[in-house]
Every structure is written in C-alpha cells, then in structure tokens.
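Listing of upload.cif, mmCIF, C-alpha atoms and all ligand atoms
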```cif
data_upload
loop_
_atom_site.group_PDB
_atom_site.id
_atom_site.type_symbol
_atom_site.label_atom_id
_atom_site.label_comp_id
_atom_site.auth_asym_id
_atom_site.auth_seq_id
_atom_site.Cartn_x
_atom_site.Cartn_y
_atom_site.Cartn_z
ATOM 1 C CA MET C 1192 0.251 10.280 -20.700
ATOM 2 C CA LYS C 1193 1.996 13.611 -20.494
ATOM 3 C CA LYS C 1194 4.063 12.422 -17.540
ATOM 4 C CA ILE C 1195 5.044 9.152 -19.172
ATOM 5 C CA CYS C 1196 6.349 11.120 -22.132
ATOM 6 C CA LEU C 1197 8.205 13.436 -19.790
ATOM 7 C CA SER C 1198 9.997 10.659 -17.939
ATOM 8 C CA LEU C 1199 10.752 8.765 -21.137
ATOM 9 C CA ALA C 1200 12.278 11.948 -22.498
ATOM 10 C CA ALA C 1201 14.311 12.266 -19.318
ATOM 11 C CA LEU C 1202 15.508 8.675 -19.613
ATOM 12 C CA LEU C 1203 16.454 9.168 -23.249
ATOM 13 C CA LEU C 1204 18.402 12.272 -22.291
ATOM 14 C CA LEU C 1205 20.231 10.242 -19.639
ATOM 15 C CA PHE C 1206 21.300 7.709 -22.221
ATOM 16 C CA SER C 1207 22.329 10.284 -24.807
ATOM 17 C CA CYS C 1208 24.327 11.982 -22.083
ATOM 18 C CA GLN C 1209 27.012 9.291 -21.981
ATOM 19 C CA GLU C 1210 27.998 9.895 -25.588
ATOM 20 C CA ASP C 1211 28.255 13.619 -25.089
ATOM 21 C CA GLU C 1212 30.565 13.310 -22.131
ATOM 22 C CA LYS C 1213 33.242 11.563 -24.190
ATOM 23 C CA THR C 1214 33.670 14.700 -26.230
ATOM 24 C CA VAL C 1215 33.824 16.992 -23.228
ATOM 25 C CA ASN C 1216 37.483 16.456 -22.261
ATOM 26 C CA THR C 1217 38.888 17.345 -25.669
ATOM 27 C CA ASP C 1218 37.071 20.597 -26.142
ATOM 28 C CA ALA C 1219 36.641 23.277 -23.522
ATOM 29 C CA ARG C 1220 33.753 24.877 -25.386
ATOM 30 C CA VAL C 1221 31.856 21.616 -25.488
ATOM 31 C CA SER C 1222 32.186 21.200 -21.739
ATOM 32 C CA LYS C 1223 30.144 24.387 -21.375
ATOM 33 C CA ARG C 1224 27.211 22.728 -22.985
ATOM 34 C CA THR C 1225 27.702 19.282 -21.529
ATOM 35 C CA CYS C 1226 24.558 17.288 -20.973
ATOM 36 C CA VAL C 1227 22.447 18.714 -18.183
ATOM 37 C CA SER C 1228 19.899 15.887 -18.186
ATOM 38 C CA ASN C 1229 20.793 14.783 -14.701
ATOM 39 C CA GLU C 1230 20.177 18.260 -13.390
ATOM 40 C CA VAL C 1231 17.001 18.512 -15.429
ATOM 41 C CA LEU C 1232 15.775 15.210 -14.095
ATOM 42 C CA GLU C 1233 16.639 16.169 -10.535
ATOM 43 C CA ARG C 1234 14.753 19.422 -10.917
ATOM 44 C CA GLN C 1235 11.779 17.626 -12.446
ATOM 45 C CA LEU C 1236 11.754 15.111 -9.623
ATOM 46 C CA LYS C 1237 11.736 17.939 -7.104
ATOM 47 C CA GLU C 1238 8.956 19.778 -8.903
ATOM 48 C CA ASN C 1239 6.907 16.676 -9.560
ATOM 49 C CA PRO C 1240 6.937 13.873 -6.984
ATOM 50 C CA GLU C 1241 4.779 11.750 -9.298
ATOM 51 C CA LEU C 1242 7.643 11.534 -11.784
ATOM 52 C CA ALA C 1243 9.626 9.099 -9.659
ATOM 53 C CA ILE C 1244 6.550 6.907 -9.524
ATOM 54 C CA LYS C 1245 6.104 7.028 -13.284
ATOM 55 C CA MET C 1246 9.742 6.175 -13.832
ATOM 56 C CA ASN C 1247 9.470 3.296 -11.432
ATOM 57 C CA GLN C 1248 6.427 2.098 -13.361
ATOM 58 C CA ILE C 1249 8.617 1.769 -16.397
ATOM 59 C CA GLU C 1250 11.070 -0.274 -14.354
ATOM 60 C CA ASP C 1251 8.157 -2.327 -13.094
ATOM 61 C CA PHE C 1252 7.075 -3.143 -16.618
ATOM 62 C CA THR C 1253 10.612 -4.165 -17.444
ATOM 63 C CA MET C 1254 10.857 -6.391 -14.377
ATOM 64 C CA ASN C 1255 7.525 -8.058 -15.018
ATOM 65 C CA THR C 1256 8.542 -8.995 -18.509
ATOM 66 C CA MET C 1257 11.968 -10.191 -17.424
ATOM 67 C CA THR C 1258 11.448 -12.259 -14.287
ATOM 68 C CA ASN C 1259 9.614 -15.402 -13.363
ATOM 69 C CA GLY C 1260 8.956 -16.874 -9.958
ATOM 70 C CA ARG C 1261 6.624 -14.863 -7.783
ATOM 71 C CA LEU C 1262 5.761 -12.535 -10.621
ATOM 72 C CA VAL C 1263 3.172 -14.745 -12.283
ATOM 73 C CA ASN C 1264 1.863 -13.021 -15.402
ATOM 74 C CA GLY C 1265 3.085 -9.752 -13.960
ATOM 75 C CA ARG C 1266 1.292 -10.417 -10.698
ATOM 76 C CA ILE C 1267 2.958 -10.468 -7.337
ATOM 77 C CA GLU C 1268 1.949 -13.296 -5.012
ATOM 78 C CA ILE C 1269 2.571 -12.609 -1.350
ATOM 79 C CA PRO C 1270 2.830 -15.441 1.190
ATOM 80 C CA VAL C 1271 1.007 -14.523 4.396
ATOM 81 C CA VAL C 1272 1.863 -15.682 7.924
ATOM 82 C CA PHE C 1273 -0.785 -15.204 10.598
ATOM 83 C CA ASN C 1274 0.649 -14.910 14.118
ATOM 84 C CA VAL C 1275 -2.268 -15.380 16.496
ATOM 85 C CA LEU C 1276 -1.823 -14.386 20.159
ATOM 86 C CA TYR C 1277 -4.676 -15.379 22.417
ATOM 87 C CA ARG C 1278 -5.728 -15.363 26.057
ATOM 88 C CA THR C 1279 -9.429 -15.998 25.517
ATOM 89 C CA ALA C 1280 -11.131 -18.462 23.176
ATOM 90 C CA SER C 1281 -12.594 -15.646 21.101
ATOM 91 C CA GLU C 1282 -9.105 -14.216 20.521
ATOM 92 C CA ASN C 1283 -8.002 -17.603 19.186
ATOM 93 C CA ILE C 1284 -9.860 -17.013 15.938
ATOM 94 C CA SER C 1285 -10.433 -19.968 13.631
ATOM 95 C CA ASP C 1286 -8.567 -20.903 10.472
ATOM 96 C CA ALA C 1287 -11.812 -20.240 8.597
ATOM 97 C CA GLN C 1288 -11.926 -16.709 10.002
ATOM 98 C CA LEU C 1289 -8.327 -16.130 8.884
ATOM 99 C CA GLN C 1290 -9.193 -17.521 5.448
ATOM 100 C CA SER C 1291 -12.097 -15.059 5.187
ATOM 101 C CA GLN C 1292 -9.546 -12.268 5.734
ATOM 102 C CA LEU C 1293 -7.325 -13.607 2.960
ATOM 103 C CA ASP C 1294 -10.369 -13.782 0.691
ATOM 104 C CA VAL C 1295 -11.157 -10.113 1.394
ATOM 105 C CA LEU C 1296 -7.566 -9.080 0.664
ATOM 106 C CA ASN C 1297 -7.581 -11.024 -2.600
ATOM 107 C CA ALA C 1298 -10.908 -9.502 -3.631
ATOM 108 C CA ASP C 1299 -9.987 -5.927 -2.689
ATOM 109 C CA PHE C 1300 -6.528 -6.013 -4.312
ATOM 110 C CA ASN C 1301 -7.906 -7.618 -7.484
ATOM 111 C CA ALA C 1302 -11.038 -5.505 -7.900
ATOM 112 C CA THR C 1303 -13.267 -8.547 -7.477
ATOM 113 C CA ASN C 1304 -14.915 -7.170 -4.335
ATOM 114 C CA SER C 1305 -18.691 -7.246 -4.767
ATOM 115 C CA ASP C 1306 -18.996 -3.509 -4.021
ATOM 116 C CA PHE C 1307 -16.421 -2.430 -6.634
ATOM 117 C CA ASN C 1308 -19.311 -1.617 -8.982
ATOM 118 C CA GLN C 1309 -20.561 0.958 -6.463
ATOM 119 C CA VAL C 1310 -17.664 3.265 -7.382
ATOM 120 C CA PRO C 1311 -19.311 6.480 -8.668
ATOM 121 C CA THR C 1312 -18.993 7.264 -12.388
ATOM 122 C CA LEU C 1313 -16.937 10.312 -11.446
ATOM 123 C CA PHE C 1314 -14.139 7.957 -10.341
ATOM 124 C CA SER C 1315 -14.647 5.087 -12.800
ATOM 125 C CA GLY C 1316 -11.692 6.275 -14.878
ATOM 126 C CA VAL C 1317 -9.263 5.887 -11.986
ATOM 127 C CA LYS C 1318 -10.591 2.881 -10.083
ATOM 128 C CA ALA C 1319 -7.889 0.226 -10.131
ATOM 129 C CA ASN C 1320 -7.193 -3.457 -10.022
ATOM 130 C CA VAL C 1321 -3.923 -3.521 -8.058
ATOM 131 C CA GLY C 1322 -3.342 -7.107 -9.121
ATOM 132 C CA ILE C 1323 -1.526 -8.510 -6.097
ATOM 133 C CA THR C 1324 -2.571 -11.820 -4.580
ATOM 134 C CA PHE C 1325 -2.112 -13.255 -1.100
ATOM 135 C CA VAL C 1326 -1.557 -16.924 -0.312
ATOM 136 C CA LEU C 1327 -1.655 -18.552 3.105
ATOM 137 C CA ASP C 1328 1.817 -19.623 4.190
ATOM 138 C CA ARG C 1329 1.176 -20.713 7.781
ATOM 139 C CA VAL C 1330 -0.693 -19.970 10.987
ATOM 140 C CA ILE C 1331 1.260 -19.687 14.219
ATOM 141 C CA ARG C 1332 -0.679 -19.661 17.479
ATOM 142 C CA LYS C 1333 0.531 -18.790 20.959
ATOM 143 C CA ALA C 1334 -1.308 -18.611 24.267
ATOM 144 C CA THR C 1335 -0.547 -15.585 26.433
ATOM 145 C CA THR C 1336 -1.694 -13.967 29.668
ATOM 146 C CA LYS C 1337 -1.668 -10.448 28.248
ATOM 147 C CA THR C 1338 -5.035 -8.706 28.010
ATOM 148 C CA SER C 1339 -3.829 -6.112 25.466
ATOM 149 C CA TRP C 1340 -0.675 -5.543 23.435
ATOM 150 C CA GLY C 1341 -0.609 -1.820 22.664
ATOM 151 C CA THR C 1342 1.034 -0.234 19.621
ATOM 152 C CA ARG C 1343 4.731 -0.561 20.479
ATOM 153 C CA ASP C 1344 5.358 -3.855 18.668
ATOM 154 C CA ALA C 1345 5.497 -6.113 21.763
ATOM 155 C CA MET C 1346 3.400 -8.678 19.861
ATOM 156 C CA LYS C 1347 6.239 -8.982 17.319
ATOM 157 C CA LYS C 1348 8.870 -10.056 19.854
ATOM 158 C CA ASN C 1349 9.370 -13.448 21.463
ATOM 159 C CA LYS C 1350 11.225 -11.721 24.297
ATOM 160 C CA GLN C 1351 8.179 -9.652 25.128
ATOM 161 C CA GLY C 1352 5.807 -12.594 25.010
ATOM 162 C CA GLY C 1353 4.902 -12.091 21.379
ATOM 163 C CA ILE C 1354 5.948 -13.940 18.226
ATOM 164 C CA ASP C 1355 8.988 -13.015 16.118
ATOM 165 C CA PRO C 1356 8.111 -12.624 12.416
ATOM 166 C CA THR C 1357 8.734 -15.507 10.031
ATOM 167 C CA THR C 1358 11.164 -14.515 7.203
ATOM 168 C CA PRO C 1359 9.716 -10.973 6.977
ATOM 169 C CA THR C 1360 11.703 -10.110 3.841
ATOM 170 C CA THR C 1361 9.696 -12.571 1.767
ATOM 171 C CA LYS C 1362 6.489 -13.098 3.781
ATOM 172 C CA LEU C 1363 3.870 -10.648 4.973
ATOM 173 C CA ASN C 1364 3.446 -11.240 8.691
ATOM 174 C CA PHE C 1365 0.149 -10.442 10.370
ATOM 175 C CA TRP C 1366 -0.212 -10.296 14.128
ATOM 176 C CA VAL C 1367 -3.706 -11.010 15.355
ATOM 177 C CA CYS C 1368 -4.198 -9.961 18.978
ATOM 178 C CA THR C 1369 -6.060 -7.513 21.193
ATOM 179 C CA ILE C 1370 -4.395 -4.140 20.666
ATOM 180 C CA GLY C 1371 -6.483 -1.992 23.026
ATOM 181 C CA GLY C 1372 -7.221 1.732 23.075
ATOM 182 C CA GLY C 1373 -9.842 1.434 20.347
ATOM 183 C CA ILE C 1374 -7.158 0.746 17.726
ATOM 184 C CA LEU C 1375 -8.346 -1.499 14.900
ATOM 185 C CA GLY C 1376 -4.942 -2.139 13.405
ATOM 186 C CA TYR C 1377 -1.606 -0.664 12.434
ATOM 187 C CA ALA C 1378 1.071 -1.299 9.835
ATOM 188 C CA GLN C 1379 4.749 -0.683 9.287
ATOM 189 C CA PHE C 1380 5.583 1.333 6.165
ATOM 190 C CA PRO C 1381 8.301 0.170 3.762
ATOM 191 C CA GLY C 1382 11.758 1.090 5.046
ATOM 192 C CA GLY C 1383 11.327 0.037 8.677
ATOM 193 C CA ALA C 1384 13.232 -2.713 10.491
ATOM 194 C CA SER C 1385 12.428 -6.159 9.148
ATOM 195 C CA SER C 1386 12.196 -7.505 12.720
ATOM 196 C CA THR C 1387 8.984 -5.504 13.158
ATOM 197 C CA ASP C 1388 7.747 -5.566 9.571
ATOM 198 C CA GLY C 1389 4.149 -6.469 8.917
ATOM 199 C CA VAL C 1390 0.608 -5.648 9.919
ATOM 200 C CA VAL C 1391 -1.223 -5.857 13.240
ATOM 201 C CA VAL C 1392 -4.998 -6.278 13.240
ATOM 202 C CA ASP C 1393 -7.073 -6.586 16.387
ATOM 203 C CA SER C 1394 -8.534 -10.111 16.676
ATOM 204 C CA LYS C 1395 -12.041 -8.706 16.660
ATOM 205 C CA TYR C 1396 -11.654 -7.086 13.232
ATOM 206 C CA VAL C 1397 -9.958 -9.881 11.307
ATOM 207 C CA GLY C 1398 -12.014 -11.276 8.436
ATOM 208 C CA VAL C 1399 -15.731 -11.096 7.905
ATOM 209 C CA THR C 1400 -18.241 -11.339 10.732
ATOM 210 C CA SER C 1401 -21.974 -10.740 10.992
ATOM 211 C CA ASN C 1402 -23.516 -7.302 10.656
ATOM 212 C CA SER C 1403 -25.163 -7.852 14.035
ATOM 213 C CA GLY C 1404 -21.900 -8.848 15.732
ATOM 214 C CA SER C 1405 -19.761 -6.647 17.964
ATOM 215 C CA ALA C 1406 -17.214 -5.880 15.236
ATOM 216 C CA TYR C 1407 -19.771 -3.944 13.153
ATOM 217 C CA PRO C 1408 -19.179 -1.510 11.354
ATOM 218 C CA TYR C 1409 -15.608 -2.821 11.004
ATOM 219 C CA ASN C 1410 -16.692 -6.381 10.299
ATOM 220 C CA LEU C 1411 -15.839 -6.785 6.597
ATOM 221 C CA GLY C 1412 -12.078 -7.279 6.782
ATOM 222 C CA ARG C 1413 -11.260 -3.802 5.477
ATOM 223 C CA THR C 1414 -8.976 -2.934 8.376
ATOM 224 C CA ALA C 1415 -6.455 -5.378 6.877
ATOM 225 C CA THR C 1416 -6.999 -3.935 3.377
ATOM 226 C CA HIS C 1417 -6.317 -0.429 4.723
ATOM 227 C CA GLU C 1418 -3.269 -1.563 6.727
ATOM 228 C CA VAL C 1419 -1.806 -3.577 3.854
ATOM 229 C CA GLY C 1420 -2.247 -0.369 1.836
ATOM 230 C CA HIS C 1421 0.069 1.353 4.347
ATOM 231 C CA TRP C 1422 2.441 -1.629 4.277
ATOM 232 C CA MET C 1423 2.609 -1.066 0.498
ATOM 233 C CA ASN C 1424 3.454 2.609 1.056
ATOM 234 C CA LEU C 1425 0.036 4.240 0.695
ATOM 235 C CA ARG C 1426 -0.713 7.288 2.845
ATOM 236 C CA HIS C 1427 -4.070 8.319 4.229
ATOM 237 C CA ILE C 1428 -6.110 9.987 1.493
ATOM 238 C CA TRP C 1429 -6.320 13.291 3.424
ATOM 239 C CA GLY C 1430 -2.515 13.387 3.814
ATOM 240 C CA ASP C 1431 -2.747 13.377 7.638
ATOM 241 C CA THR C 1432 -3.206 17.122 7.784
ATOM 242 C CA THR C 1433 -5.961 19.551 6.734
ATOM 243 C CA CYS C 1434 -6.177 19.421 2.913
ATOM 244 C CA GLY C 1435 -2.904 17.470 2.934
ATOM 245 C CA SER C 1436 -1.464 15.356 0.123
ATOM 246 C CA ASP C 1437 -1.314 11.574 -0.121
ATOM 247 C CA LEU C 1438 1.332 11.933 -2.885
ATOM 248 C CA VAL C 1439 -1.119 10.441 -5.366
ATOM 249 C CA ALA C 1440 -2.303 12.657 -8.247
ATOM 250 C CA ASP C 1441 -5.603 10.951 -9.068
ATOM 251 C CA THR C 1442 -7.109 11.069 -5.577
ATOM 252 C CA PRO C 1443 -8.907 14.328 -4.693
ATOM 253 C CA THR C 1444 -7.742 16.517 -1.824
ATOM 254 C CA HIS C 1445 -9.733 15.751 1.315
ATOM 255 C CA ASN C 1446 -10.237 18.148 4.211
ATOM 256 C CA THR C 1447 -9.636 15.441 6.759
ATOM 257 C CA ALA C 1448 -10.584 11.841 7.553
ATOM 258 C CA ASN C 1449 -14.164 10.761 6.845
ATOM 259 C CA TYR C 1450 -16.055 8.451 9.184
ATOM 260 C CA GLY C 1451 -19.231 6.422 8.912
ATOM 261 C CA VAL C 1452 -20.530 6.197 5.346
ATOM 262 C CA PRO C 1453 -20.722 9.738 3.919
ATOM 263 C CA THR C 1454 -23.542 10.517 1.506
ATOM 264 C CA TYR C 1455 -22.297 10.945 -2.080
ATOM 265 C CA PRO C 1456 -21.275 13.510 -3.248
ATOM 266 C CA HIS C 1457 -19.315 14.786 -0.280
ATOM 267 C CA TYR C 1458 -17.521 18.005 -1.253
ATOM 268 C CA SER C 1459 -14.126 19.062 -0.037
ATOM 269 C CA THR C 1460 -13.637 22.693 0.992
ATOM 270 C CA CYS C 1461 -9.975 22.474 -0.073
ATOM 271 C CA THR C 1462 -8.747 24.276 -3.215
ATOM 272 C CA GLY C 1463 -11.024 23.479 -6.141
ATOM 273 C CA THR C 1464 -13.698 21.988 -3.842
ATOM 274 C CA PRO C 1465 -13.452 18.504 -5.399
ATOM 275 C CA VAL C 1466 -15.852 15.686 -4.602
ATOM 276 C CA GLU C 1467 -14.030 13.579 -2.028
ATOM 277 C CA MET C 1468 -13.267 9.932 -2.761
ATOM 278 C CA THR C 1469 -14.666 8.739 0.566
ATOM 279 C CA MET C 1470 -14.960 5.181 -0.765
ATOM 280 C CA ASN C 1471 -11.177 4.821 -1.010
ATOM 281 C CA TYR C 1472 -9.624 2.190 1.259
ATOM 282 C CA MET C 1473 -7.206 4.805 2.586
ATOM 283 C CA ASP C 1474 -9.942 6.946 4.144
ATOM 284 C CA TYR C 1475 -11.383 6.169 7.600
ATOM 285 C CA THR C 1476 -14.960 5.244 6.740
ATOM 286 C CA ASP C 1477 -16.828 2.174 7.959
ATOM 287 C CA ASP C 1478 -15.897 -1.081 6.221
ATOM 288 C CA ARG C 1479 -18.986 -1.053 3.966
ATOM 289 C CA GLY C 1480 -18.118 2.499 2.857
ATOM 290 C CA MET C 1481 -14.680 1.684 1.363
ATOM 291 C CA TYR C 1482 -14.235 -0.289 -1.850
ATOM 292 C CA MET C 1483 -11.559 1.108 -4.181
ATOM 293 C CA PHE C 1484 -7.901 1.891 -4.831
ATOM 294 C CA THR C 1485 -6.867 4.177 -7.714
ATOM 295 C CA THR C 1486 -4.443 3.856 -10.612
ATOM 296 C CA GLY C 1487 -2.152 6.371 -8.886
ATOM 297 C CA GLN C 1488 -2.170 4.318 -5.689
ATOM 298 C CA LYS C 1489 -1.417 1.205 -7.734
ATOM 299 C CA ALA C 1490 1.580 3.007 -9.266
ATOM 300 C CA ARG C 1491 2.886 3.862 -5.768
ATOM 301 C CA ILE C 1492 2.439 0.231 -4.746
ATOM 302 C CA ASN C 1493 4.175 -1.099 -7.846
ATOM 303 C CA ALA C 1494 7.108 1.226 -7.228
ATOM 304 C CA ILE C 1495 8.078 -0.551 -3.996
ATOM 305 C CA PHE C 1496 8.226 -3.974 -5.671
ATOM 306 C CA VAL C 1497 10.575 -3.044 -8.504
ATOM 307 C CA SER C 1498 14.329 -3.546 -8.459
ATOM 308 C CA GLY C 1499 15.696 -1.101 -5.902
ATOM 309 C CA GLY C 1500 12.255 -0.790 -4.284
ATOM 310 C CA ALA C 1501 11.878 -1.364 -0.546
ATOM 311 C CA ARG C 1502 9.918 -4.582 -1.014
ATOM 312 C CA PHE C 1503 11.645 -5.931 -4.101
ATOM 313 C CA SER C 1504 12.481 -9.092 -2.116
ATOM 314 C CA PHE C 1505 8.772 -10.021 -2.278
ATOM 315 C CA ALA C 1506 8.797 -9.907 -6.070
ATOM 316 C CA GLN C 1507 11.782 -12.227 -6.540
ATOM 317 C CA PRO C 1508 11.706 -15.937 -7.386
HETATM 318 ZN ZN ZN C 1601 -4.319 4.167 8.410
HETATM 319 CA CA CA C 1602 -4.168 13.144 -3.953
#
```
What is this structure when it is put down as structure tokens?
Amino acid sequence: MKKICLSLAALLLLFSCQEDEKTVNTDARVSKRTCVSNEVLERQLKENPELAIKMNQIEDFTMNTMTNGRLVNGRIEIPVVFNVLYRTASENISDAQLQSQLDVLNADFNATNSDFNQVPTLFSGVKANVGITFVLDRVIRKATTKTSWGTRDAMKKNKQGGIDPTTPTTKLNFWVCTIGGGILGYAQFPGGASSTDGVVVDSKYVGVTSNSGSAYPYNLGRTATHEVGHWMNLRHIWGDTTCGSDLVADTPTHNTANYGVPTYPHYSTCTGTPVEMTMNYMDYTDDRGMYMFTTGQKARINAIFVSGGARFSFAQP
C-alpha cells in the first residue's frame, strides 16, 4: 500500500510538472525551483526496483479496463503451439499428453491446482492467482534422426533440423524433444530474439504421467510451469547466487536452490533467517513440492504484458 501511494505521488508530481515548466522561462528565480519530480522518480526507481513494477501495475489496470480482444475480463489468453520433435515413438507424445500439460498450466496460473490449499498459513497472504490462461493453437510434429538436441536452440531452427517458431510474437511456442544432459527444460526470458522465443521441455517431462513412471519426481507438468515463469520474466527464487534476490519483495531470501520436497518449515540462514518458500514454482523442488506463485511475482508478470512491456503483443486484440 505504501508503495502504491509512493508511485501515485510520483505520477502526480510528473503531471504537475508540466504546468510548472511553463513559468520557468519567464522568471530566473523560478527556474531554480523547477519541478524535480523526474529526478525524484529516477532516484526512487534506483533505490527501489519494486517501484517500476508497481507503476507498471497501474498501467496494467488501465490497459485491462481499456482494451478488448485477448484481455478477457482482464485476463490474458495465450495461444500455445507445441512443436514436437521425435525419433522414437515415446518421444512422439500424444495429443492427450500435451493437453494434460495445458491443463496443468491453466491450473497453476489460475490457482486451481489441487495442491494450492497446501500453501502454509505463513504465506497465505501472498499466494496468488496469476490469472493467465493458455489455449491450444496447434501441434506441429516432425520426425528426426537426432538423439538429443542440447541447449543451444537447434530445435527452434528448420535449418538445424528443428522447427521454426510459429508467429512467436503472439503465440507461446513450446518445443518438445529430448534435450539431454539431465536438463528438464529451459526458457527464453523476455527481450530475446523472437526467432528463438519460447520454452523447451524434454519430452519425458511434458504433462502428467504416473508416479511409478520414469519421469517421477518430475511427472506433474511443473517443469513447464517453472519455465513459463521464466518466459514471463520470473527469476529463480534464490536469485541464482547465495542469498541472492529474485527482484520480488514478497518472496523470502533463500540460501540457494532447494531439491526434493523439503520439510516445512525450512529456515534460511540469510539475513533475518526467514522461512523459505520452498513450495514456490521458481524453486527447484520436485514437482509435488511446488504449488504457488506470489502477488509480487504476479506483478512482475503483469508488467511485461502492459503497453511498452516486452510481451505486450500477447495482450493485444
Ligand atoms: Zn529455472
Ligand atoms: Ca525475494
């Protein structure tokens, strides 16, 4: 609340600034005390990275009330293209398996996942419904002779035997293939080339499979949830360094990545020794151990879909 007030104040100062400047030319004394709001705002943005997010939230609200099309009741609907590259029959996963992945994404991003109620009371005030939905656009399949595709985007290029993305500025492209090297998946953050934009998930870890299958404990489709989190600009919750920052205020500082399913409460040894939010999708736990995003993460996500945001094209009619 404090921050909203702060940014609103900053915005109001920006507007009042224009009037002041008219008087500046005619009076040398006045120019001394010309409006410094821009400098103030710049300083505040430097001191508080969350401010830009808050300000973008205001823009987001404005956009949602002003536009139609893909923003249905303020909700963004993202068309999904699955690009399936297969050598073996098991890599050529079924349409039903792909649909189970879409179902997981829709549940996780709309807080309808069945484990959402497992979020500890400590975090119940910040657990969030991101409110973005995913709709199947098309499935493209291609047979290959490659046994693994690596992490250098070969799967995204026709010329390298892969599949070029389909209209990546308005559709979220997934590549489903064997990555190799024990990698479950990887995503491109906002700001990268559109020719490689999207998310790669290893064929084995797409959608939901049995607890006794070989994908366990990564068998609940959460690799895609985590990777789409990155695609929407979310960082790892531990900030990719010891006691690092994920640029989100309402997630606690984690020492490092957590694996398996940590017993609650798991305490951080970072400043303030907070209880870690190991059940956040942006940690590294097993699929059954992750089941929430936060309000702060939602604000970061919303910021990329507003006018001027890196993925604004997905929010347009
Ligand atoms: Zn990650
Ligand atoms: Ca944080």
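Taking only C-alpha atoms into account, Ala1302 of chain C lies nearest to C:Thr1486 out of the set C:Asn1274, C:Thr1414, C:Thr1462, C:Thr1486.
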Evaluate the PyMOL selection byres (((not hetatm)) within 9 of (chain C and resi 1601)) and report residues as an mmCIF file with C-alpha atoms, in the frame of the given file:
```
data_model
loop_
_atom_site.group_PDB
_atom_site.id
_atom_site.type_symbol
_atom_site.label_atom_id
_atom_site.label_comp_id
_atom_site.auth_asym_id
_atom_site.auth_seq_id
_atom_site.Cartn_x
_atom_site.Cartn_y
_atom_site.Cartn_z
ATOM 1 C CA GLY C 1376 -4.942 -2.139 13.405
ATOM 2 C CA TYR C 1377 -1.606 -0.664 12.434
ATOM 3 C CA ALA C 1378 1.071 -1.299 9.835
ATOM 4 C CA THR C 1414 -8.976 -2.934 8.376
ATOM 5 C CA HIS C 1417 -6.317 -0.429 4.723
ATOM 6 C CA GLU C 1418 -3.269 -1.563 6.727
ATOM 7 C CA GLY C 1420 -2.247 -0.369 1.836
ATOM 8 C CA HIS C 1421 0.069 1.353 4.347
ATOM 9 C CA LEU C 1425 0.036 4.240 0.695
ATOM 10 C CA ARG C 1426 -0.713 7.288 2.845
ATOM 11 C CA HIS C 1427 -4.070 8.319 4.229
ATOM 12 C CA MET C 1473 -7.206 4.805 2.586
ATOM 13 C CA ASP C 1474 -9.942 6.946 4.144
ATOM 14 C CA TYR C 1475 -11.383 6.169 7.600
#
```
Which residues fall under the PyMOL selection byres (((chain C and resi 1381) around 7) and not hetatm) in this file, as an NGL selection string?
:C and (1379-1380 or 1382-1383 or 1422-1424 or 1501-1502)
Using only C-alpha atoms and all ligand atoms, which residue out of C:Asp1393, C:Val1317, C:Asp1478, C:Asn1410 lies closest to ligand CA 1602 (chain C)?
C:Val1317
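Distances to ligand CA 1602 (chain C) were evaluated for C:Leu1327, C:Ala1243, C:Val1452, C:Val1439 using all atoms listed in the file, and the minimum falls at C:Val1439.
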Got a sec to resolve the PyMOL selection byres (((not hetatm)) within 6 of (chain C and resi 1602)) on this structure and send the residues as a ChimeraX atom specification?
/C:1436-1444
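Here atom CA of Phe1325 of chain C is placed at a distance of 4.7 Å from atom CA of Ile1269 of chain C.
The shortest atom-to-atom distance to Gln1488 of chain C, with only C-alpha atoms taken into account, belongs to C:Gly1322 out of C:Gly1322, C:Pro1356, C:Gly1372, C:Gly1500.
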Determine, counting only C-alpha atoms, every residue of protein, DNA or RNA that lies within 12 Å of (-2.7, -18.0, 32.7) in the file coordinates, then give the result as a list in words.
Tyr1277, Arg1278, Thr1279, Ala1334, Thr1335, Thr1336, Lys1337 and Thr1338 of chain C
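In terms of minimum interatomic distance to Asn1308 of chain C, C:Tyr1482 ranks closest within C:Phe1503, C:Asp1294, C:Lys1489, C:Tyr1482, counting all atoms listed in the file.
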